[in-house]
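Enquirer: Sharing a structure, written as structure tokens. Questions coming.
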Amino acid sequence: MPLNLTLDESYAWVILAGVSTGWLTLWQGINVSRHRKAAKIAYPQLYAEKSEAAASVEAHKFNCAQRAHQNTLENLPQILFFLTFTGCKYPIAAASLGGLWVVGRVLYTMGYATGDPKKRNRGSIGIIGQLGLQLLATYTAGQLALATLY
């Protein structure tokens with residue numbers, strides 16, 4: 001049985017939320033580059049060595065900025081899937097939760113890049129967006145699966 005999909009015009013907000021993740025990761029990459037330069041960590045070294053970070057505040061901040069960026073990249077695939085999939089049925093809710101996740105990631109990155117890893121918790125609001133997207137995606141998938149039974 002074919003599945004027909006018609007997107008509501010409000011899906012534009014889902015697209016905008018998805019596009020914002022590209023701007024987020026671009027900004028994070030620039031932030032990492034700025035910290036790399038200040039710490040004098042040469043490419044292709046991914047992180048400052050433990051001894052470098054212990055001896056240099058700038059190297060430690062570089063590691064923190066790099067970790068914030070890496071953590072975002074680790075979560076991005078499922079976020080984009082949940083956003084895209086859930087947005088087909090619930091575009092405003094998906095876009096809002098996706099936007100909340102992005103705002104949380106900005107706060108997370110700004111806090112982490114101070115060099116005090118505990119300050120990454122400033123972005124904890126992003127968990128609401130991430131968990132909300134995951135729960136709504138699960139609910140939407142369940143609805144689709146149950147519809148095949150009738």
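Every chain in the structure tokens has a letter given in the order shown (A, B, ...), and although residue numbers restart at 1 in each chain, ligands are simply numbered from 1 in the order shown.
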Need to verify the contact set: range 100-102 of chain A, 9 Å, only C-alpha atoms, exclusion of same-chain residues closer than 5 positions in sequence. Can you return it as a ChimeraX atom specification?
Expert: /A:17,20-21,24,79,95,107,123,125-130
Enquirer: Could you pull out the alpha helix (DSSP H) residues of range 8-60 of chain A, going by DSSP on the backbone, and write them as a ChimeraX atom specification?
Expert: /A:11-39,50-55,57-60
Enquirer: Closest to Val14 in chain A among A:Asn75, A:Ser33, A:Thr86, A:Thr148, using only C-alpha atoms?
Expert: A:Thr86
Enquirer: Need to verify the contact set: range 51-54 of chain A, 10 Å, only C-alpha atoms, exclusion of same-chain residues closer than 6 positions in sequence. Can you return it as a ChimeraX atom specification?
Expert: /A:39,41,60-64
Enquirer: Which residue gives the smallest distance to Leu26 in chain A among A:Gln45, A:Thr140, A:Thr72, A:Ser56, with only C-alpha atoms counted?
Expert: A:Thr72
Enquirer: Calculated over only C-alpha atoms, which of the candidates A:Tyr108, A:Tyr90, A:Phe82, A:Trp27 has the smallest distance to Arg67 in chain A?
Expert: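 So, comparing all the options, the nearest one is A:Tyr108.
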Enquirer: Mind pulling up the distance from CA of Gln66 in chain A to CA of Met110 in chain A?
Expert: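 Separation of CA of Met110 in chain A and CA of Gln66 in chain A: 11.7 Å.
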Enquirer: Can you tell me which residues surround Gln28 in chain A at a distance of at most 10 Å, considering only C-alpha atoms, apart from same-chain residues fewer than 2 positions away, and format the answer as a ChimeraX atom specification?
Expert: /A:22-26,30-34,65-66,68-70,72,105-106,109-110,113
Enquirer: Which residue, A:Ser124, A:Asn71, A:Thr84, A:Gln78, has the smallest gap to Leu7 in chain A when you use only C-alpha atoms?
Expert: A:Thr84
Enquirer: Quick one: pull the distance between CA of Ile92 in chain A and CA of Tyr150 in chain A, Å, one decimal.
Expert: 27.8 Å
Enquirer: Which value, in Å to one decimal, gives the distance between CA of Ser96 in chain A and CA of Thr138 in chain A?
Expert: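 According to the coordinates, CA of Ser96 in chain A and CA of Thr138 in chain A are separated by 17.0 Å.
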Enquirer: Please provide as a list in words all residues within 9 Å of Asp8 in chain A, with the sequence filter that same-chain residues fewer than 2 positions apart are discarded (counting only C-alpha atoms).
Expert: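 Within the cut-off, the hits are Thr6, Ser10, Tyr11, Ala12, Cys88, Lys89 and Pro91 of chain A.
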